[in-house]
>>> print(open('structure-v3.txt').read())   # compact mmCIF, C-alpha atoms
# COMPACT_ATOMS: atom_id res chain seq x y z
CA MET A 1 21.17 -45.23 49.58
CA THR A 2 20.26 -42.01 47.82
CA SER A 3 21.50 -38.91 49.52
CA TYR A 4 19.78 -35.53 49.57
CA LYS A 5 22.61 -34.13 47.49
CA GLN A 6 21.93 -36.56 44.68
CA VAL A 7 18.18 -35.85 44.78
CA TYR A 8 18.68 -32.11 44.56
CA THR A 9 21.22 -32.51 41.80
CA SER A 10 18.78 -34.62 39.84
CA ILE A 11 16.02 -32.05 40.32
CA TYR A 12 18.27 -29.27 39.07
CA ARG A 13 19.36 -31.22 36.06
CA HIS A 14 15.81 -32.09 35.05
CA GLY A 15 14.66 -28.55 35.76
CA SER A 16 17.44 -27.21 33.62
CA ALA A 17 16.48 -29.53 30.80
CA ILE A 18 12.87 -28.35 30.95
CA LEU A 19 13.99 -24.72 31.01
CA LEU A 20 16.25 -25.43 28.08
CA ILE A 21 13.33 -26.80 26.08
CA PHE A 22 11.32 -23.66 26.78
CA LEU A 23 14.30 -21.52 25.92
CA MET A 24 14.82 -23.34 22.65
CA ALA A 25 11.15 -23.08 21.79
CA GLY A 26 11.28 -19.35 22.35
CA CYS A 27 14.48 -18.99 20.36
CA ALA A 28 13.11 -21.05 17.51
CA ARG A 29 10.36 -18.52 17.23
CA LEU A 30 12.85 -15.74 17.64
CA PHE A 31 14.94 -16.99 14.74
CA GLY A 32 11.94 -17.18 12.42
CA TRP A 33 11.85 -15.46 9.10
CA ASP A 34 8.94 -13.63 7.56
CA ILE A 35 9.29 -13.44 3.80
CA HIS A 36 7.19 -10.72 2.19
CA ALA A 37 7.53 -10.48 -1.58
CA PRO A 38 7.34 -7.02 -3.18
CA GLY A 39 4.07 -8.07 -4.84
CA ILE A 40 4.66 -6.29 -8.12
CA LEU A 41 5.46 -7.70 -11.54
CA SER A 42 8.78 -7.05 -13.17
CA GLY A 43 9.15 -5.00 -16.32
CA ASN A 44 9.54 -8.17 -18.37
CA PHE A 45 5.91 -9.10 -17.85
CA GLU A 46 4.54 -6.03 -19.60
CA ARG A 47 6.89 -6.58 -22.51
CA GLN A 48 5.75 -10.17 -22.94
CA PHE A 49 2.02 -9.53 -23.07
CA THR A 50 -0.30 -7.49 -25.22
CA PRO A 51 -3.83 -7.15 -23.85
CA ILE A 52 -6.48 -8.88 -25.90
CA HIS A 53 -10.00 -7.58 -26.24
CA GLU A 54 -12.11 -9.69 -23.93
CA ARG A 55 -14.07 -9.16 -20.74
CA VAL A 56 -12.81 -11.50 -18.05
CA ALA A 57 -13.54 -11.49 -14.34
CA LEU A 58 -11.27 -12.81 -11.62
CA TYR A 59 -12.33 -14.18 -8.27
CA LEU A 60 -9.76 -14.91 -5.59
CA PRO A 61 -11.05 -16.80 -2.55
CA ASP A 62 -9.93 -15.72 0.89
CA GLN A 63 -7.77 -18.80 1.06
CA THR A 64 -5.71 -17.47 -1.81
CA LEU A 65 -5.39 -13.94 -0.51
CA ASN A 66 -4.40 -15.09 2.97
CA TYR A 67 -2.18 -17.99 1.98
CA VAL A 68 0.89 -18.39 4.18
CA SER A 69 3.30 -21.28 3.86
CA THR A 70 5.67 -22.39 6.57
CA ALA A 71 7.75 -24.68 4.37
CA ARG A 72 11.18 -24.20 5.86
CA GLY A 73 13.07 -26.25 3.28
CA ASN A 74 14.80 -28.75 5.49
CA ARG A 75 14.72 -29.78 9.10
CA PHE A 76 17.77 -27.73 10.03
CA ALA A 77 16.58 -24.51 8.44
CA ASP A 78 15.12 -21.68 10.44
CA PRO A 79 11.35 -21.47 10.78
CA THR A 80 10.10 -19.44 7.87
CA ALA A 81 6.74 -17.99 6.94
CA PHE A 82 6.19 -17.16 3.27
CA HIS A 83 3.41 -14.61 2.97
CA ILE A 84 2.37 -15.66 -0.51
CA GLY A 85 -1.24 -14.56 -0.67
CA GLU A 86 -0.61 -10.91 0.07
CA ALA A 87 1.73 -10.74 -2.95
CA PHE A 88 -0.17 -13.12 -5.21
CA GLY A 89 -3.37 -11.02 -5.12
CA PRO A 90 -1.90 -7.77 -6.44
CA MET A 91 0.30 -9.58 -8.94
CA MET A 92 -2.58 -11.65 -10.29
CA ILE A 93 -4.73 -8.54 -10.69
CA GLU A 94 -1.88 -6.72 -12.41
CA GLY A 95 -1.33 -9.70 -14.68
CA MET A 96 -4.99 -9.80 -15.68
CA GLN A 97 -4.93 -6.06 -16.30
CA ASN A 98 -2.05 -6.61 -18.69
CA GLY A 99 -3.71 -9.61 -20.29
CA PHE A 100 -7.22 -8.35 -20.99
CA ASP A 101 -8.70 -5.04 -22.02
CA GLU A 102 -11.78 -5.39 -19.85
CA PHE A 103 -10.79 -6.85 -16.56
CA ILE A 104 -13.16 -7.10 -13.60
CA PHE A 105 -12.23 -8.13 -10.11
CA MET A 106 -15.03 -9.95 -8.32
CA GLU A 107 -15.04 -9.25 -4.61
CA THR A 108 -18.42 -10.76 -3.92
CA ASP A 109 -19.42 -14.36 -4.46
CA PRO A 110 -20.20 -14.79 -8.15
CA THR A 111 -23.77 -15.53 -9.18
CA VAL A 112 -25.42 -16.11 -12.52
CA GLU A 113 -27.34 -12.86 -12.08
CA ILE A 114 -24.15 -10.89 -11.68
CA MET A 115 -22.56 -12.58 -14.67
CA LYS A 116 -25.58 -11.79 -16.84
CA ARG A 117 -26.06 -8.30 -15.49
CA TYR A 118 -22.51 -7.20 -16.23
CA GLN A 119 -22.20 -9.32 -19.37
CA ILE A 120 -19.20 -11.22 -18.16
CA PRO A 121 -18.50 -14.16 -20.47
CA TYR A 122 -15.77 -15.77 -18.40
CA LEU A 123 -14.92 -15.94 -14.74
CA VAL A 124 -11.60 -17.26 -13.51
CA ILE A 125 -11.20 -18.59 -9.98
CA VAL A 126 -7.64 -19.16 -8.82
CA LYS A 127 -6.68 -21.07 -5.75
CA ILE A 128 -3.20 -21.78 -4.43
CA SER A 129 -2.82 -25.53 -4.22
CA GLY A 130 0.71 -25.84 -2.88
CA PHE A 131 4.06 -24.34 -2.23
CA THR A 132 7.44 -25.99 -1.86
CA ASN A 133 10.71 -24.60 -0.69
CA GLN A 134 13.92 -26.47 -1.43
CA MET A 135 16.84 -25.10 0.49
CA THR A 136 20.27 -26.29 -0.46
CA LEU A 137 23.74 -25.25 0.53
CA LYS A 138 24.01 -23.26 -2.66
CA GLY A 139 20.66 -21.57 -2.83
CA GLN A 140 16.92 -21.87 -2.79
CA ALA A 141 14.28 -23.13 -5.21
CA VAL A 142 10.68 -22.20 -4.57
CA ASN A 143 7.68 -23.62 -6.43
CA LEU A 144 4.19 -22.21 -6.36
CA PHE A 145 1.31 -24.38 -7.58
CA THR A 146 -2.11 -23.02 -8.36
CA GLU A 147 -5.30 -24.46 -9.71
CA ALA A 148 -7.70 -22.39 -11.75
CA VAL A 149 -11.25 -22.94 -12.89
CA VAL A 150 -12.81 -21.04 -15.78
CA MET A 151 -16.57 -20.65 -15.82
CA ASN A 152 -18.90 -19.19 -18.39
CA SER A 153 -21.73 -16.74 -17.78
CA ASP A 154 -23.97 -19.59 -16.56
CA LEU A 155 -21.30 -20.43 -14.00
CA LYS A 156 -20.65 -23.72 -15.69
CA GLN A 157 -17.12 -24.93 -15.80
CA VAL A 158 -15.49 -24.66 -19.19
CA ALA A 159 -11.94 -25.45 -18.20
CA ARG A 160 -9.81 -26.38 -15.27
CA PHE A 161 -6.06 -26.13 -15.31
CA GLU A 162 -3.10 -25.97 -13.03
CA ALA A 163 -0.08 -23.74 -13.18
CA ARG A 164 3.35 -23.83 -11.67
CA GLY A 165 5.90 -21.10 -11.17
CA THR A 166 9.46 -21.84 -10.16
CA SER A 167 12.40 -19.72 -9.26
CA ASP A 168 15.70 -21.44 -8.54
CA ALA A 169 18.54 -19.16 -7.63
CA LYS A 170 21.87 -19.53 -5.97
CA ALA A 171 23.28 -17.40 -3.23
CA VAL A 172 19.96 -15.72 -2.56
CA PHE A 173 20.83 -15.32 1.09
CA ARG A 174 23.88 -13.25 0.30
CA LYS A 175 21.77 -10.56 -1.27
CA LYS A 176 19.59 -7.99 0.38
CA GLY A 177 16.05 -9.04 -0.43
CA GLY A 178 17.22 -12.25 -2.12
CA PRO A 179 14.57 -14.63 -0.70
CA GLU A 180 11.88 -12.00 -1.19
CA VAL A 181 12.75 -11.47 -4.85
CA ASN A 182 13.09 -15.21 -5.36
CA LEU A 183 9.54 -15.68 -4.07
CA ASN A 184 8.33 -12.80 -6.20
CA ALA A 185 9.84 -14.43 -9.28
CA ALA A 186 8.08 -17.73 -8.57
CA ILE A 187 4.74 -15.96 -8.15
CA GLU A 188 5.31 -14.00 -11.35
CA GLU A 189 6.08 -17.15 -13.30
CA ASN A 190 2.87 -18.66 -12.01
CA VAL A 191 0.83 -15.58 -12.94
CA LEU A 192 2.48 -15.52 -16.34
CA SER A 193 1.52 -19.13 -16.94
CA ILE A 194 -2.09 -18.49 -15.95
CA VAL A 195 -2.48 -15.40 -18.13
CA GLN A 196 -0.76 -17.11 -21.03
CA TYR A 197 -3.14 -20.07 -20.78
CA LEU A 198 -6.17 -17.80 -20.61
CA GLN A 199 -5.07 -15.67 -23.56
CA ASP A 200 -4.33 -18.71 -25.71
CA SER A 201 -7.71 -20.24 -24.89
CA VAL A 202 -9.59 -17.03 -25.71
CA ARG A 203 -7.68 -16.56 -28.95
CA ASN A 204 -8.34 -20.14 -30.01
CA GLY A 205 -11.98 -19.98 -29.01
CA ALA A 206 -11.50 -23.04 -26.87
CA TRP A 207 -14.36 -22.21 -24.54
CA LYS A 208 -16.98 -21.35 -27.12
CA THR A 209 -19.69 -23.92 -27.51
CA MET B 1 -3.91 62.83 -12.96
CA ASN B 2 -1.52 60.03 -13.79
CA VAL B 3 -1.71 56.40 -12.73
CA ARG B 4 0.58 56.76 -9.76
CA GLU B 5 -1.59 59.48 -8.33
CA LEU B 6 -4.69 57.39 -8.79
CA LYS B 7 -3.15 54.51 -6.89
CA THR B 8 -2.05 56.80 -4.15
CA GLU B 9 -5.53 58.19 -3.90
CA ASN B 10 -7.06 54.74 -3.68
CA ARG B 11 -4.62 53.71 -0.98
CA GLU B 12 -5.51 56.80 0.98
CA GLN B 13 -9.18 56.03 0.61
CA LYS B 14 -8.63 52.55 1.93
CA THR B 15 -6.50 53.60 4.81
CA ASN B 16 -8.93 56.32 5.68
CA MET B 17 -11.87 53.91 6.00
CA PRO B 18 -13.92 54.47 9.13
CA PHE B 19 -13.64 51.97 12.01
CA SER B 20 -17.18 50.65 11.60
CA THR B 21 -16.59 49.89 7.93
CA ARG B 22 -13.41 48.03 8.78
CA CYS B 23 -15.20 45.98 11.42
CA SER B 24 -18.01 45.08 9.12
CA THR B 25 -15.58 44.09 6.39
CA LEU B 26 -13.61 41.96 8.84
CA CYS B 27 -16.76 40.27 10.11
CA SER B 28 -18.01 39.49 6.63
CA LEU B 29 -14.58 38.13 5.71
CA THR B 30 -14.60 35.90 8.80
CA VAL B 31 -18.05 34.59 7.97
CA VAL B 32 -16.98 33.80 4.43
CA LEU B 33 -13.86 32.01 5.66
CA CYS B 34 -15.86 29.96 8.18
CA ALA B 35 -18.32 28.92 5.51
CA LEU B 36 -15.48 28.01 3.19
CA TYR B 37 -13.78 25.97 5.91
CA SER B 38 -16.94 24.03 6.74
CA VAL B 39 -17.55 23.22 3.08
CA LEU B 40 -13.96 22.16 2.47
CA SER B 41 -13.68 20.09 5.65
CA SER B 42 -16.82 18.14 4.83
CA HIS B 43 -15.57 17.62 1.31
CA PHE B 44 -12.16 16.37 2.46
CA SER B 45 -13.60 14.01 5.03
CA TYR B 46 -15.72 12.51 2.26
CA ALA B 47 -12.69 12.35 0.03
CA GLN B 48 -10.61 10.63 2.68
CA GLU B 49 -13.31 8.06 3.21
CA PHE B 50 -13.57 7.27 -0.46
CA GLN B 51 -10.10 8.06 -1.65
CA GLN B 52 -9.54 4.43 -2.62
CA VAL B 53 -13.02 3.81 -3.90
CA GLN B 54 -15.15 5.56 -6.44
CA GLU B 55 -18.62 4.39 -7.12
CA ILE B 56 -19.92 4.29 -10.66
CA ASN B 57 -23.53 5.18 -11.33
CA PRO B 58 -25.02 3.51 -8.28
CA SER B 59 -28.51 4.04 -9.61
CA GLU B 60 -27.66 2.03 -12.67
CA VAL B 61 -27.22 -1.17 -10.69
CA GLU B 62 -30.37 -3.04 -9.91
CA ASN B 63 -30.98 -4.68 -6.60
CA GLU B 64 -31.56 -8.05 -8.22
CA THR B 65 -27.87 -8.76 -8.33
CA HIS B 66 -27.19 -7.32 -4.88
CA SER B 67 -23.99 -5.90 -6.20
CA ARG B 68 -22.31 -2.61 -6.88
CA VAL B 69 -19.56 -1.52 -9.19
CA ILE B 70 -16.67 0.46 -7.81
CA VAL B 71 -13.30 1.55 -9.05
CA ARG B 72 -10.35 0.61 -6.93
CA GLU B 73 -6.79 1.65 -7.20
CA HIS B 74 -4.14 -1.01 -7.49
CA PRO B 75 -2.03 -0.68 -4.35
CA LYS B 76 1.26 -1.30 -6.10
CA THR B 77 0.91 0.28 -9.52
CA GLY B 78 -1.76 2.90 -8.91
CA HIS B 79 -3.68 1.72 -11.98
CA SER B 80 -7.46 1.66 -11.59
CA TYR B 81 -9.56 -1.42 -12.04
CA ILE B 82 -13.23 -2.29 -11.84
CA SER B 83 -14.43 -4.25 -8.88
CA ILE B 84 -17.83 -5.75 -8.16
CA ILE B 85 -18.83 -5.79 -4.52
CA SER B 86 -21.91 -6.73 -2.59
CA ASP B 87 -24.40 -4.01 -1.76
CA GLN B 88 -25.69 -5.88 1.27
CA ALA B 89 -22.93 -4.69 3.56
CA PRO B 90 -21.18 -1.35 3.96
CA MET B 91 -18.21 -0.60 1.79
CA PRO B 92 -15.88 -3.59 2.22
CA VAL B 93 -12.23 -3.18 3.01
CA ASP B 94 -9.91 -3.59 0.05
CA PRO B 95 -8.83 -7.25 0.11
CA LEU B 96 -5.37 -6.30 -1.09
CA THR B 97 -3.89 -5.62 2.29
CA ASN B 98 -0.23 -4.96 1.61
CA ARG B 99 -0.24 -1.45 0.19
CA ASN B 100 3.46 -0.64 0.38
CA LYS B 101 4.76 0.59 -2.94
CA TYR B 102 8.05 -0.62 -4.33
CA SER B 103 9.78 -0.28 -7.63
CA ARG B 104 9.61 -3.22 -10.02
CA PRO B 105 12.17 -5.88 -9.15
CA ASP B 106 14.89 -6.73 -11.60
CA TYR B 107 15.48 -10.46 -11.43
CA ARG B 108 18.99 -10.08 -12.76
CA MET B 109 19.90 -9.28 -9.18
CA LEU B 110 19.46 -13.00 -8.46
CA ASP B 111 22.48 -13.73 -10.63
CA PRO B 112 25.25 -14.80 -8.26
CA LYS B 113 27.69 -12.59 -10.09
CA ALA B 114 25.48 -9.52 -9.97
CA LYS B 115 26.60 -6.70 -7.74
CA LYS B 116 24.28 -4.91 -5.40
CA SER B 117 24.97 -1.56 -7.03
CA ASP B 118 24.04 -2.85 -10.49
CA TYR B 119 20.44 -3.58 -9.60
CA PRO B 120 19.16 -1.41 -6.80
CA TYR B 121 16.38 -2.93 -4.72
CA ASP B 122 14.01 -1.03 -2.46
CA GLY B 123 11.58 -3.83 -1.62
CA PRO B 124 11.08 -5.70 1.64
CA TYR B 125 13.94 -7.71 3.05
CA SER B 126 14.78 -9.60 6.20
CA ASP B 127 18.12 -8.94 7.76
CA ARG B 128 19.40 -12.21 9.09
CA THR B 129 22.47 -10.75 10.81
CA LYS B 130 20.49 -8.51 13.11
CA VAL B 131 18.21 -11.36 14.12
CA TYR B 132 21.12 -13.61 14.98
CA ILE B 133 22.87 -10.91 16.98
CA PHE B 134 19.67 -10.26 18.88
CA GLY B 135 19.17 -13.97 19.49
CA ALA B 136 22.75 -14.44 20.59
CA THR B 137 22.36 -11.55 22.99
CA LEU B 138 19.29 -13.11 24.52
CA ILE B 139 21.00 -16.47 24.76
CA ALA B 140 23.98 -14.86 26.45
CA GLY B 141 21.58 -13.18 28.85
CA GLY B 142 19.95 -16.52 29.50
CA ILE B 143 23.29 -18.15 30.23
CA THR B 144 24.27 -15.39 32.60
CA GLY B 145 20.91 -15.48 34.32
CA GLY B 146 21.00 -19.25 34.52
CA ALA B 147 24.50 -19.26 35.96
CA LEU B 148 23.57 -16.62 38.50
CA GLY B 149 20.45 -18.56 39.43
CA MET B 150 22.47 -21.69 39.93
CA ALA B 151 25.06 -19.89 41.97
CA ALA B 152 22.39 -18.48 44.22
CA ALA B 153 20.97 -21.91 44.93
CA PRO B 154 20.88 -23.04 48.55
CA ALA B 155 24.13 -24.37 49.81
CA ALA B 156 22.42 -27.61 50.80
CA THR B 157 22.05 -28.54 47.16
CA GLY B 158 25.75 -28.34 46.56
CA ALA B 159 26.91 -25.33 44.68
CA ALA B 160 29.49 -27.27 42.75
CA ALA B 161 26.98 -29.78 41.41
CA ALA B 162 24.59 -27.03 40.42
CA SER B 163 27.09 -25.01 38.49
CA SER B 164 28.62 -27.98 36.74
CA GLY B 165 25.33 -29.75 35.99
CA GLY B 166 22.68 -27.10 35.35
CA GLY B 167 25.00 -24.50 34.01
CA GLY B 168 26.54 -27.06 31.72
CA ALA B 169 23.14 -27.89 30.32
CA TYR B 170 22.46 -24.24 29.60
CA LEU B 171 25.79 -23.84 27.90
CA ALA B 172 25.24 -26.94 25.84
CA GLY B 173 21.84 -25.71 24.74
CA ALA B 174 23.17 -22.30 23.93
CA GLY B 175 25.94 -23.92 21.99
CA VAL B 176 23.44 -25.83 19.90
CA LEU B 177 21.46 -22.71 19.13
CA ALA B 178 24.45 -20.51 18.50
CA GLY B 179 25.91 -23.27 16.40
CA ALA B 180 22.77 -23.45 14.29
CA GLY B 181 22.93 -19.73 13.70
CA GLY B 182 26.59 -19.84 12.96
CA VAL B 183 26.16 -22.61 10.44
CA ALA B 184 23.48 -20.69 8.62
CA VAL B 185 25.54 -17.52 8.49
CA SER B 186 28.69 -19.31 7.42
CA GLU B 187 26.67 -21.22 4.87
CA ALA B 188 25.56 -17.95 3.38
CA THR B 189 28.99 -16.48 3.38
CA LYS B 190 30.81 -19.51 2.07
CA ILE B 191 28.81 -19.77 -1.12
CA ARG B 192 30.87 -18.84 -4.10
CA PRO B 193 29.41 -17.48 -7.31
CA GLU B 194 28.82 -20.21 -9.83
CA ASP B 195 28.85 -20.02 -13.56
CA GLU B 196 25.19 -20.90 -13.85
CA ASN B 197 22.49 -18.30 -13.72
CA PHE B 198 19.19 -18.40 -11.92
CA ILE B 199 16.37 -20.51 -13.36
CA HIS B 200 12.83 -19.28 -13.82
CA GLU B 201 10.19 -21.67 -15.07
CA GLY B 202 6.46 -21.61 -15.47
CA GLU B 203 4.01 -24.03 -16.96
CA SER B 204 0.30 -24.59 -17.13
CA LYS B 205 -1.58 -27.68 -18.15
CA THR B 206 -5.19 -28.55 -18.58
CA ILE B 207 -6.72 -30.81 -15.99
CA GLU B 208 -10.23 -30.94 -17.31
CA LYS B 209 -12.03 -29.57 -20.33
CA GLY B 210 -15.64 -28.87 -20.92
CA GLN B 211 -18.48 -28.43 -18.51
CA SER B 212 -18.55 -29.97 -15.10
CA PRO B 213 -20.95 -32.91 -14.84
CA LYS B 214 -23.11 -31.29 -12.23
CA GLY B 215 -23.23 -27.95 -13.95
CA VAL B 216 -22.56 -26.10 -10.73
CA VAL B 217 -19.65 -24.24 -9.31
CA PRO B 218 -16.94 -26.87 -9.04
CA SER B 219 -15.18 -27.46 -5.81
CA LEU B 220 -11.64 -26.26 -5.64
CA PRO B 221 -8.79 -28.28 -4.16
CA LYS B 222 -8.59 -28.49 -0.44
CA GLU B 223 -6.37 -26.12 1.40
CA GLU B 224 -2.87 -27.39 2.04
CA GLN B 225 -1.08 -25.17 4.43
>>> encode(input="structure-v3.txt", output="C-alpha cells")
Amino acid sequence: MTSYKQVYTSIYRHGSAILLIFLMAGCARLFGWDIHAPGILSGNFERQFTPIHERVALYLPDQTLNYVSTARGNRFADPTAFHIGEAFGPMMIEGMQNGFDEFIFMETDPTVEIMKRYQIPYLVIVKISGFTNQMTLKGQAVNLFTEAVVMNSDLKQVARFEARGTSDAKAVFRKKGGPEVNLNAAIEENVLSIVQYLQDSVRNGAWKT
Amino acid sequence: MNVRELKTENREQKTNMPFSTRCSTLCSLTVVLCALYSVLSSHFSYAQEFQQVQEINPSEVENETHSRVIVREHPKTGHSYISIISDQAPMPVDPLTNRNKYSRPDYRMLDPKAKKSDYPYDGPYSDRTKVYIFGATLIAGGITGGALGMAAAPAATGAAAASSGGGGAYLAGAGVLAGAGGVAVSEATKIRPEDENFIHEGESKTIEKGQSPKGVVPSLPKEEQ
C-alpha cells in the first residue's frame, strides 16, 4: 500500500526534475556565445589586389546581410551564434572597392532599366549558402560557403560560381578575440576568392559575347 | 600724435559712448547672433540627417528607373562608395548595421605561439570566463534557493526525503552544468602550442557558364540556417 509519504516524495522528485529541465534550458541560453567578427579586411588583402578598370555592381540580398549561423561545432559545445552577415556585408563591399575602379552597391532590386540607365555591364549577386563550424580539442575550423551569380546589363546570367573560405586555427579560445578573428579570416578568404574570380573573368573577357 | 596716443584716444571714445548707443549696439549684436544661430542650427540638423548620405544630382536621375544615386560612407574604413537606392520610399537606412570601427586584424595572432602583446587586437571579443562565473553564481543561487525551498516544505512530506531527493537532483543538475563549463575552460587552458601554424584557404569554382535558359533572374540557393 502506498503511503502519503511516498506520494509526496514522488511529487517532489518529479517536480525537481521538471524544475531542473527549466533551469538547464535557461542556463543553456545563459552560456551562449555571440560571435561578432570585426568586419574589416586585413592589410594583406589590399596588398594582394590591384583594382582593375571596370564598372561592377554588387547586390546583397537581405538573407546575406542578416545571416546568422548557430552551428555549435559538436553536441557538447556551448550554444553559439555566428553573426556572419553583419561582417560579410562590409567586407564584401570593401573587397569590391579594392577589386574594381568603379564599384556600385545596389540597394534596390536590380532592373534592366537601372542597369541601362547607369551603364552597368555586370551585376554580382552573392548569397551565403552555408557555414560549418568544426570544434576540436585543439582548435576551431570554420568554413563559409557562398554562391554568386553574375548578370549582364540585360539581367541575363553570364556565370554562376561558388566560393569557400576556411580558417583553421588552434588554440583560438586561449586568445582574446580568437573566435572572432577566426571567423573574420574565413569571411576574408571567401571574399578574396570571389573578387579573384571576378577579376580573372573580366580580364579574360569570359563574359563577353 | 604718436600711435599710442591714438589708441588711447580711441579707447576713450569707446568707453565714453552714450548709454543709448551702447544699448542699440548690444541689441543689433543680439539680433545678428540670433540670426546666425538659427541659420547654423538649421544647417546642422540637415547635416546630421544626411551625414552618412550625400545625394548626387537628383535632377539627373529620371523617374523611369525609380532610383536615386547616393554616396555612402563605409562604416569600417570611412571610404565612400556609390549606392543606388529606390526613390519610391524615403531615404532607406544603411543596410550595413554594425558601424563599430576597429583596426585591421592581423591574422598572425592566430598562431598558437604568438603572444598577445605582439599583435594587439581591439576588435569584438567574448569573454568566456565572465560568463561562466556568472552562470556558476546563478547555479549556486539556484541550489541554495532549491535547498531552502525543500527545507521549508511541510513536515508531512518528510523533510529528510525532500532534502535528500529533491536537493540531490538539483545538485546533480548543477554538477552537470558546472562540469560542462569546467570541461570547456580546462579544454581551453590545456591546449599546448603546436608546431603547426593556422591554415587559411579559399577557393572558387564555376557552377554554370553562359546565360540561364529562361533568360531571367536566376533563383539563388535556398536559405540554410
>>> closest_residue(input="structure-v3.txt", among="A:Leu65, A:Asn98, A:His83, A:Glu180", to="Phe49 (chain A)", atoms="all atoms listed in the file")
A:Asn98
>>> atom_distance(input="structure-v3.txt", atom1="CA of Phe103 (chain A)", atom2="CA of Val56 (chain A)")
5.3 Å
>>> residues_around(input="structure-v3.txt", residues="Tyr125 (chain B)", least_positions_apart="3", cutoff="9 Å", atoms="all atoms listed in the file", output="list in words")
Asp34, Ile35, His36, Ala37, Lys176, Gly177, Gly178, Pro179, Glu180 and Val181 of chain A; Asp122 of chain B
>>> residues_around(input="structure-v3.txt", residues="region 142-158 of chain A", least_positions_apart="6", cutoff="7 Å", atoms="all atoms listed in the file", output="count of residues only")
35
>>> axis_aligned_box(input="structure-v3.txt", around="region 60-77 of chain A", padding_each_side="4 Å", output="lines of an AutoDock Vina configuration file")
center_x = 3.4
center_y = -21.9
center_z = 2.2
size_x = 36.8
size_y = 23.8
size_z = 23.6
>>> closest_residue(input="structure-v3.txt", among="A:Leu60, A:Pro51, A:Asp78, A:Arg13", to="chain B", atoms="all atoms listed in the file")
A:Arg13
>>> atom_distance(input="structure-v3.txt", atom1="CA of Gly32 (chain A)", atom2="CA of Ala81 (chain A)")
7.6 Å
>>> closest_residue(input="structure-v3.txt", among="B:Arg104, B:Arg72, B:Lys115, B:Arg99", to="chain A", atoms="all atoms listed in the file")
B:Arg104
>>> atom_distance(input="structure-v3.txt", atom1="CA of Pro90 (chain B)", atom2="CA of Gln97 (chain A)")
26.4 Å
>>> closest_residue(input="structure-v3.txt", among="A:Pro61, A:Lys138, A:Ile40, A:Ala206", to="Lys170 (chain A)", atoms="all atoms listed in the file")
A:Lys138
>>> residues_around(input="structure-v3.txt", residues="Asp111 (chain B)", least_positions_apart="4", cutoff="9 Å", atoms="only C-alpha atoms", output="PDB file with C-alpha atoms, keeping the file's coordinate frame")
ATOM      1  CA  ALA A 169      18.540 -19.160  -7.630  1.00  0.00           C
ATOM      2  CA  LYS A 170      21.870 -19.530  -5.970  1.00  0.00           C
ATOM      3  CA  ALA A 171      23.280 -17.400  -3.230  1.00  0.00           C
ATOM      4  CA  VAL A 172      19.960 -15.720  -2.560  1.00  0.00           C
TER       5      VAL A 172
ATOM      6  CA  TYR B 107      15.480 -10.460 -11.430  1.00  0.00           C
ATOM      7  CA  LYS B 115      26.600  -6.700  -7.740  1.00  0.00           C
ATOM      8  CA  PRO B 193      29.410 -17.480  -7.310  1.00  0.00           C
ATOM      9  CA  GLU B 196      25.190 -20.900 -13.850  1.00  0.00           C
ATOM     10  CA  ASN B 197      22.490 -18.300 -13.720  1.00  0.00           C
ATOM     11  CA  PHE B 198      19.190 -18.400 -11.920  1.00  0.00           C
TER      12      PHE B 198
END
>>> build_atoms(input="structure-v3.txt", residues="region 138-149 of chain A", atoms="N, CA and C atoms", output="mmCIF file, in the frame of the given file")
data_model
loop_
_atom_site.group_PDB
_atom_site.id
_atom_site.type_symbol
_atom_site.label_atom_id
_atom_site.label_comp_id
_atom_site.auth_asym_id
_atom_site.auth_seq_id
_atom_site.Cartn_x
_atom_site.Cartn_y
_atom_site.Cartn_z
ATOM 1 N N LYS A 138 23.659 -24.281 -1.677
ATOM 2 C CA LYS A 138 24.010 -23.260 -2.660
ATOM 3 C C LYS A 138 22.918 -22.214 -2.860
ATOM 4 N N GLY A 139 21.696 -22.556 -2.566
ATOM 5 C CA GLY A 139 20.660 -21.570 -2.830
ATOM 6 C C GLY A 139 19.284 -22.057 -2.432
ATOM 7 N N GLN A 140 18.300 -21.588 -3.163
ATOM 8 C CA GLN A 140 16.920 -21.870 -2.790
ATOM 9 C C GLN A 140 16.072 -21.975 -4.061
ATOM 10 N N ALA A 141 15.231 -22.986 -4.101
ATOM 11 C CA ALA A 141 14.280 -23.130 -5.210
ATOM 12 C C ALA A 141 12.876 -23.153 -4.621
ATOM 13 N N VAL A 142 12.052 -22.253 -5.073
ATOM 14 C CA VAL A 142 10.680 -22.200 -4.570
ATOM 15 C C VAL A 142 9.724 -22.481 -5.729
ATOM 16 N N ASN A 143 8.701 -23.240 -5.442
ATOM 17 C CA ASN A 143 7.680 -23.620 -6.430
ATOM 18 C C ASN A 143 6.310 -23.226 -5.902
ATOM 19 N N LEU A 144 5.561 -22.562 -6.734
ATOM 20 C CA LEU A 144 4.190 -22.210 -6.360
ATOM 21 C C LEU A 144 3.238 -22.907 -7.334
ATOM 22 N N PHE A 145 2.296 -23.644 -6.774
ATOM 23 C CA PHE A 145 1.310 -24.380 -7.580
ATOM 24 C C PHE A 145 -0.069 -23.769 -7.363
ATOM 25 N N THR A 146 -0.745 -23.541 -8.453
ATOM 26 C CA THR A 146 -2.110 -23.020 -8.360
ATOM 27 C C THR A 146 -3.032 -23.864 -9.238
ATOM 28 N N GLU A 147 -4.291 -23.786 -8.894
ATOM 29 C CA GLU A 147 -5.300 -24.460 -9.710
ATOM 30 C C GLU A 147 -6.376 -23.436 -10.045
ATOM 31 N N ALA A 148 -6.730 -23.392 -11.303
ATOM 32 C CA ALA A 148 -7.700 -22.390 -11.750
ATOM 33 C C ALA A 148 -8.873 -23.064 -12.439
ATOM 34 N N VAL A 149 -10.016 -22.468 -12.244
ATOM 35 C CA VAL A 149 -11.250 -22.940 -12.890
ATOM 36 C C VAL A 149 -11.825 -21.788 -13.689
#
